[in-house]
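Structure file structure20.txt; described as compact mmCIF, C-alpha atoms.
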# COMPACT_ATOMS: atom_id res chain seq x y z
CA THR U 8 -11.06 39.90 2.12
CA LYS U 9 -8.95 41.50 4.86
CA TYR U 10 -5.85 39.47 3.95
CA PRO U 11 -6.27 38.72 0.22
CA ASP U 12 -2.59 38.00 -0.40
CA ASP U 13 -1.75 36.02 2.74
CA ILE U 14 -1.15 32.37 1.77
CA ASP U 15 -1.48 31.14 5.35
CA VAL U 16 -4.86 32.83 5.74
CA ALA U 17 -6.02 31.41 2.40
CA THR U 18 -4.90 27.93 3.50
CA LEU U 19 -6.76 28.06 6.79
CA TYR U 20 -9.85 29.45 5.07
CA VAL U 21 -10.07 26.67 2.47
CA GLU U 22 -9.39 24.08 5.18
CA SER U 23 -12.37 25.38 7.16
CA LEU U 24 -14.65 25.10 4.14
CA VAL U 25 -13.38 21.68 3.08
CA ASN U 26 -13.85 20.34 6.62
CA LYS U 27 -17.51 21.32 6.57
CA ARG U 28 -18.21 18.62 3.95
CA PRO U 29 -15.30 16.17 3.97
CA TRP U 30 -15.16 14.09 0.77
CA LYS U 31 -18.58 15.45 -0.19
CA LEU U 32 -17.50 18.56 -2.04
CA TRP U 33 -18.67 17.28 -5.42
CA PRO U 34 -21.89 15.76 -6.80
CA ASN U 35 -21.59 11.98 -7.16
CA TYR U 36 -18.85 11.98 -4.51
CA ASP U 37 -19.70 8.30 -3.88
CA ASN U 38 -18.92 7.46 -7.52
CA PRO U 39 -16.58 10.12 -8.93
CA THR U 40 -16.06 8.17 -12.17
CA VAL U 41 -19.56 9.27 -13.22
CA GLU U 42 -19.55 12.91 -14.24
CA ASN U 43 -23.20 13.50 -15.11
CA TYR U 44 -23.28 17.00 -13.71
CA THR U 45 -22.16 20.50 -14.59
CA MET U 46 -20.40 23.08 -12.46
CA GLU U 47 -23.83 24.68 -11.90
CA ASP U 48 -24.69 21.62 -9.79
CA VAL U 49 -21.69 22.10 -7.53
CA ASP U 50 -22.18 23.60 -4.06
CA PRO U 51 -21.32 27.33 -3.94
CA GLU U 52 -18.82 26.79 -1.14
CA THR U 53 -16.93 24.28 -3.29
CA ILE U 54 -16.80 26.88 -6.05
CA GLU U 55 -15.50 29.41 -3.53
CA VAL U 56 -12.80 26.99 -2.37
CA GLY U 57 -11.69 26.58 -5.98
CA ALA U 58 -11.53 30.34 -6.48
CA VAL U 59 -9.39 30.82 -3.36
CA PHE U 60 -7.05 28.05 -4.49
CA ALA U 61 -6.79 29.54 -7.98
CA LYS U 62 -5.76 32.93 -6.59
CA ALA U 63 -3.40 31.59 -3.93
CA MET U 64 -1.62 29.22 -6.29
CA THR U 65 -0.84 31.92 -8.85
CA ALA U 66 1.93 32.98 -6.47
CA ASN U 67 3.56 29.58 -7.18
CA VAL U 68 4.46 29.24 -3.49
CA ARG U 69 5.58 25.88 -2.13
CA HIS U 70 3.16 25.76 0.78
CA PRO U 71 2.58 22.38 2.50
CA GLY U 72 -0.89 23.24 3.76
CA LEU U 73 -2.08 24.65 0.45
CA ALA U 74 -0.82 21.58 -1.45
CA HIS U 75 -2.30 19.24 1.15
CA PHE U 76 -5.80 20.71 1.05
CA PHE U 77 -5.79 21.16 -2.71
CA VAL U 78 -5.33 17.39 -3.03
CA HIS U 79 -8.37 16.84 -0.78
CA TYR U 80 -10.35 19.39 -2.77
CA ALA U 81 -9.47 17.86 -6.12
CA GLU U 82 -9.25 14.11 -5.54
CA LEU U 83 -12.97 13.35 -6.09
CA GLY U 84 -13.66 16.26 -8.40
CA PRO U 85 -14.12 16.33 -12.18
CA LYS U 86 -11.24 14.80 -14.07
CA HIS U 87 -9.81 18.12 -15.23
CA ILE U 88 -9.68 19.38 -11.64
CA MET U 89 -8.41 16.09 -10.20
CA LYS U 90 -5.60 15.97 -12.77
CA SER U 91 -4.65 19.56 -11.95
CA ALA U 92 -3.60 18.29 -8.50
CA VAL U 93 -0.83 16.09 -9.96
CA LYS U 94 1.63 18.98 -9.68
CA GLN U 95 0.73 19.50 -6.02
CA SER U 96 1.06 15.78 -5.32
CA HIS U 97 4.59 15.80 -6.78
CA MET U 98 5.40 18.79 -4.59
CA LEU U 99 4.20 16.93 -1.49
CA ARG U 100 6.36 13.90 -2.21
CA SER U 101 9.49 15.93 -2.97
CA GLN U 102 9.56 19.08 -0.84
CA TRP U 103 8.94 17.76 2.70
CA PRO U 104 10.62 14.31 2.80
CA PHE U 105 10.55 13.96 6.60
CA LEU U 106 6.80 14.51 7.03
CA GLY U 107 5.10 11.13 6.76
CA HIS U 108 1.57 12.39 6.20
CA LEU U 109 2.56 14.78 3.42
CA LEU U 110 4.46 11.99 1.65
CA HIS U 111 1.35 9.86 1.92
CA MET U 112 -0.94 12.62 0.62
CA ALA U 113 0.55 12.33 -2.86
CA SER U 114 -0.99 8.87 -3.12
CA HIS U 115 -4.52 10.32 -2.96
CA ILE U 116 -3.91 11.56 -6.51
CA ASP U 117 -1.68 8.66 -7.58
CA MET U 118 -4.58 6.27 -6.96
CA GLN U 119 -6.98 8.38 -9.00
CA VAL U 120 -4.68 8.48 -12.04
CA GLY U 121 -3.60 4.83 -11.88
CA LYS U 122 -0.05 5.42 -10.62
CA TYR U 123 -0.22 2.54 -8.17
CA SER U 124 3.53 1.96 -7.94
CA HIS U 125 3.98 5.65 -7.06
CA ALA U 126 1.28 5.35 -4.39
CA MET U 127 3.03 2.32 -2.94
CA ARG U 128 6.39 4.09 -2.87
CA CYS U 129 5.26 7.28 -1.15
CA ASN U 130 3.33 5.36 1.50
CA LYS U 131 6.34 3.15 2.21
CA GLU U 132 8.43 6.29 2.62
CA GLY U 133 5.74 7.87 4.78
CA ILE U 134 5.66 4.83 7.06
CA LEU U 135 9.43 5.03 7.55
CA GLN U 136 9.09 8.65 8.65
CA ASP U 137 6.20 7.72 10.93
CA ILE U 138 8.35 5.03 12.56
CA ALA U 139 11.12 7.58 13.12
CA TYR U 140 8.63 10.00 14.66
CA THR U 141 7.22 7.23 16.86
CA ARG U 142 10.69 6.53 18.23
CA TYR U 143 11.12 10.20 19.03
CA ARG U 144 7.75 10.37 20.78
CA ASP U 145 8.55 7.21 22.74
CA SER U 146 11.79 8.81 23.93
CA THR U 147 9.80 11.71 25.41
CA GLY U 148 7.50 9.43 27.37
CA ASP U 149 4.40 10.60 25.49
CA THR U 150 1.73 7.88 25.75
CA ASP U 151 -1.28 9.71 24.27
CA PHE U 152 -0.18 8.86 20.76
CA TYR U 153 -2.94 10.07 18.42
CA TYR U 154 -0.44 10.26 15.54
CA HIS U 155 -0.25 6.46 15.40
CA GLY U 156 -3.46 6.62 13.41
CA TYR U 157 -1.63 8.37 10.58
CA ARG U 158 0.90 5.56 10.33
CA VAL U 159 -1.94 3.03 10.23
CA HIS U 160 -3.64 5.12 7.54
CA ASN U 161 -0.44 4.96 5.46
CA GLU U 162 -0.33 1.18 5.89
CA HIS U 163 -3.95 0.99 4.80
CA MET U 164 -3.24 3.09 1.70
CA LEU U 165 -0.20 0.96 0.89
CA ALA U 166 -2.36 -2.17 1.06
CA TRP U 167 -4.98 -0.53 -1.18
CA ALA U 168 -2.39 0.51 -3.77
CA ALA U 169 -0.79 -2.94 -3.74
CA MET U 170 -4.21 -4.54 -4.27
CA PHE U 171 -4.70 -2.41 -7.39
CA ALA U 172 -1.14 -3.16 -8.52
CA GLY U 173 -1.70 -6.93 -8.11
CA ASN U 174 1.02 -7.34 -5.48
CA PHE U 175 -0.29 -9.75 -2.86
CA GLU U 176 2.88 -9.90 -0.75
CA ILE U 177 3.05 -6.14 -0.16
CA ALA U 178 -0.72 -5.87 0.25
CA ILE U 179 -1.01 -8.53 2.96
CA GLU U 180 2.09 -7.30 4.81
CA ALA U 181 0.72 -3.76 4.93
CA ALA U 182 -2.79 -4.95 5.80
CA GLU U 183 -1.61 -6.99 8.76
CA ALA U 184 0.75 -4.29 10.07
CA PRO U 185 -1.90 -2.31 12.03
CA ASN U 186 -2.80 -5.38 14.09
CA ARG U 187 0.87 -5.89 14.98
CA THR U 188 1.72 -2.31 15.84
CA THR U 189 -1.44 -1.14 17.63
CA SER U 190 -1.61 -1.90 21.33
CA SER U 191 -4.91 -2.92 22.91
CA VAL U 192 -4.93 0.28 24.98
CA LEU U 193 -4.38 2.47 21.95
CA PHE U 194 -6.88 0.50 19.87
CA HIS U 195 -9.71 1.05 22.35
CA ARG U 196 -8.78 4.69 22.97
CA TRP U 197 -9.19 5.49 19.26
CA ILE U 198 -11.48 2.59 18.31
CA ASP U 199 -13.75 4.70 16.08
CA TRP U 200 -10.74 5.52 13.88
CA LEU U 201 -8.53 2.43 14.20
CA GLU U 202 -11.09 -0.38 14.17
CA PRO U 203 -11.85 -0.39 10.42
CA TYR U 204 -8.14 -0.77 9.60
CA SER U 205 -8.04 -4.01 11.59
CA THR U 206 -10.11 -5.70 8.86
CA ASP U 207 -7.81 -4.90 5.93
CA ALA U 208 -6.23 -8.35 5.74
CA TRP U 209 -9.58 -9.99 5.05
CA HIS U 210 -10.20 -7.62 2.14
CA VAL U 211 -6.78 -8.46 0.72
CA LEU U 212 -7.46 -12.20 0.95
CA ILE U 213 -10.76 -11.71 -0.89
CA ARG U 214 -9.15 -9.49 -3.55
CA PHE U 215 -6.57 -12.16 -4.39
CA GLY U 216 -8.91 -15.15 -4.11
CA LYS U 217 -7.13 -16.74 -1.16
CA TRP U 218 -10.16 -18.86 -0.29
CA HIS U 219 -8.22 -21.73 1.28
CA GLU U 220 -6.26 -19.36 3.51
CA ILE U 221 -9.49 -17.64 4.53
CA LEU U 222 -10.96 -20.94 5.69
CA LEU U 223 -7.79 -21.82 7.61
CA ARG U 224 -7.72 -18.56 9.57
CA PRO U 225 -9.22 -18.97 13.05
CA LEU U 226 -12.28 -16.96 13.97
CA PRO U 227 -12.63 -15.60 17.50
CA ALA U 228 -15.58 -16.82 19.51
CA ALA U 229 -16.22 -13.25 20.61
CA SER U 230 -14.62 -9.91 19.91
CA PRO U 231 -14.99 -6.41 21.34
CA SER U 232 -14.29 -5.17 17.82
CA MET U 233 -17.65 -5.51 16.10
CA VAL U 234 -16.44 -4.30 12.69
CA LYS U 235 -13.52 -6.72 12.68
CA HIS U 236 -15.61 -9.61 13.98
CA GLY U 237 -18.37 -8.95 11.46
CA THR U 238 -15.94 -8.67 8.53
CA GLN U 239 -14.27 -11.96 9.45
CA ARG U 240 -17.61 -13.75 9.70
CA ARG U 241 -18.89 -12.30 6.43
CA THR U 242 -15.65 -13.17 4.62
CA VAL U 243 -16.01 -16.84 5.52
Before anything else, please render the file you have as structure tokens.
Amino acid sequence: TKYPDDIDVATLYVESLVNKRPWKLWPNYDNPTVENYTMEDVDPETIEVGAVFAKAMTANVRHPGLAHFFVHYAELGPKHIMKSAVKQSHMLRSQWPFLGHLLHMASHIDMQVGKYSHAMRCNKEGILQDIAYTRYRDSTGDTDFYYHGYRVHNEHMLAWAAMFAGNFEIAIEAAEAPNRTTSSVLFHRWIDWLEPYSTDAWHVLIRFGKWHEILLRPLPAASPSMVKHGTQRRTV
């Protein structure tokens, strides 16, 4: 209440509330297509987040943080709230073209409204910006490269969108990219985040019924990556 008209303060405040229950802001968050609840069933903090967004967005300010967190707030919400984030998703893909993660964020709404080609496009563009940023970081000698996970996340989202769009070539290329671009050192440093992405190719092969190719792919005798190893075994 001390800074009611400060967009930056509003952005940081809603971020703090959203981070308390990531992707669990709404009832039935595990199946958002089922809306068998009313707003009375929604957590009070989620309602508060919505009220802060409503006030902050009346200023019609192009704010990257506000748009970013509104997408996370809305993406699994009721349809009328999720669809209200379409405007913010368009802002993210058009106003900050050199920020890979913001380009990618638009696809969180694209996927919910069936705009799979749009989701593919913004993740491709996001990956290009991530590659440019990687080259810059490499030139500085920075080896603690946490941001690599964002590029891998974009590749994962591209594969997911391509699977929904029925495009096997793009899906398998994107799904295999993390295994090509992630060094062993980096993989084990951030294994809790990066490991699940290493299994994407198997999900793509299942999605497109590539049973013969699945059987031809070699399985490792042992693997330090339990998620990857388990997914490969279960696929076969």
For U:Val68, the nearest of the candidates U:Leu83, U:Val120, U:Ile14, U:Met46, counting all atoms listed in the file:
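Of the candidates, the smallest distance to U:Val68 is held by U:Ile14.
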Tell me which of U:Ala81, U:Trp167, U:Lys94, U:Tyr154 sits closest to U:Ser124, counting only C-alpha atoms.
U:Trp167
Of the candidates U:Glu82, U:Asp199, U:Glu132, U:Asp37, which one gets nearest to U:Phe105 if we count only C-alpha atoms?
U:Glu132
Write out as a list in words which residues come within 12 Å of U:Ser91 when counting all atoms listed in the file, dropping same-chain ones fewer than 6 positions away.
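Here the answer would be Gly57, Phe60, Ala61, Met64, Ala74, Phe77, Val78, Tyr80, Ala81, Glu82, Leu83, Gly84, Pro85, His97, Ile116, Gln119 and Val120 of chain U.
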Of the listed residues U:His108, U:His79, U:Lys131, U:Arg158, that which approaches U:Leu24 most closely, counting all atoms listed in the file
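Among the listed residues, the smallest separation from U:Leu24 belongs to U:His79.
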I need the residue nearest U:Met118 from this list: U:Leu106, U:Leu165, U:Ile134, U:Ala58. Use all atoms listed in the file for the distance.
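Nearest candidate to U:Met118 out of U:Leu106, U:Leu165, U:Ile134, U:Ala58: U:Leu165.
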Quick one: distance from atom CA of U:Thr53 to atom CA of U:Lys31 in Å, one decimal?
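Rounded to one decimal, the two atoms are 9.5 Å apart.
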Name all residues at most 12 Å from U:Glu176 (count all atoms listed in the file; drop same-chain ones fewer than 4 positions away) and give them as a JSON list (two decimals) with C-alpha atoms, in the frame of the given file.
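Saved result, selection-v4.json, follows:
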[["chain", "number", "residue", "atom", "x", "y", "z"],
["U", 165, "LEU", "CA", -0.20, 0.96, 0.89],
["U", 166, "ALA", "CA", -2.36, -2.17, 1.06],
["U", 169, "ALA", "CA", -0.79, -2.94, -3.74],
["U", 170, "MET", "CA", -4.21, -4.54, -4.27],
["U", 172, "ALA", "CA", -1.14, -3.16, -8.52],
["U", 180, "GLU", "CA", 2.09, -7.30, 4.81],
["U", 181, "ALA", "CA", 0.72, -3.76, 4.93],
["U", 182, "ALA", "CA", -2.79, -4.95, 5.80],
["U", 183, "GLU", "CA", -1.61, -6.99, 8.76],
["U", 208, "ALA", "CA", -6.23, -8.35, 5.74],
["U", 211, "VAL", "CA", -6.78, -8.46, 0.72],
["U", 212, "LEU", "CA", -7.46, -12.20, 0.95],
["U", 215, "PHE", "CA", -6.57, -12.16, -4.39]]
Between atom CA of U:Asn26 and atom CA of U:Lys62, measure the distance and give it in Å to one decimal.
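Taking atom CA of U:Asn26 and atom CA of U:Lys62, their separation equals 20.0 Å.
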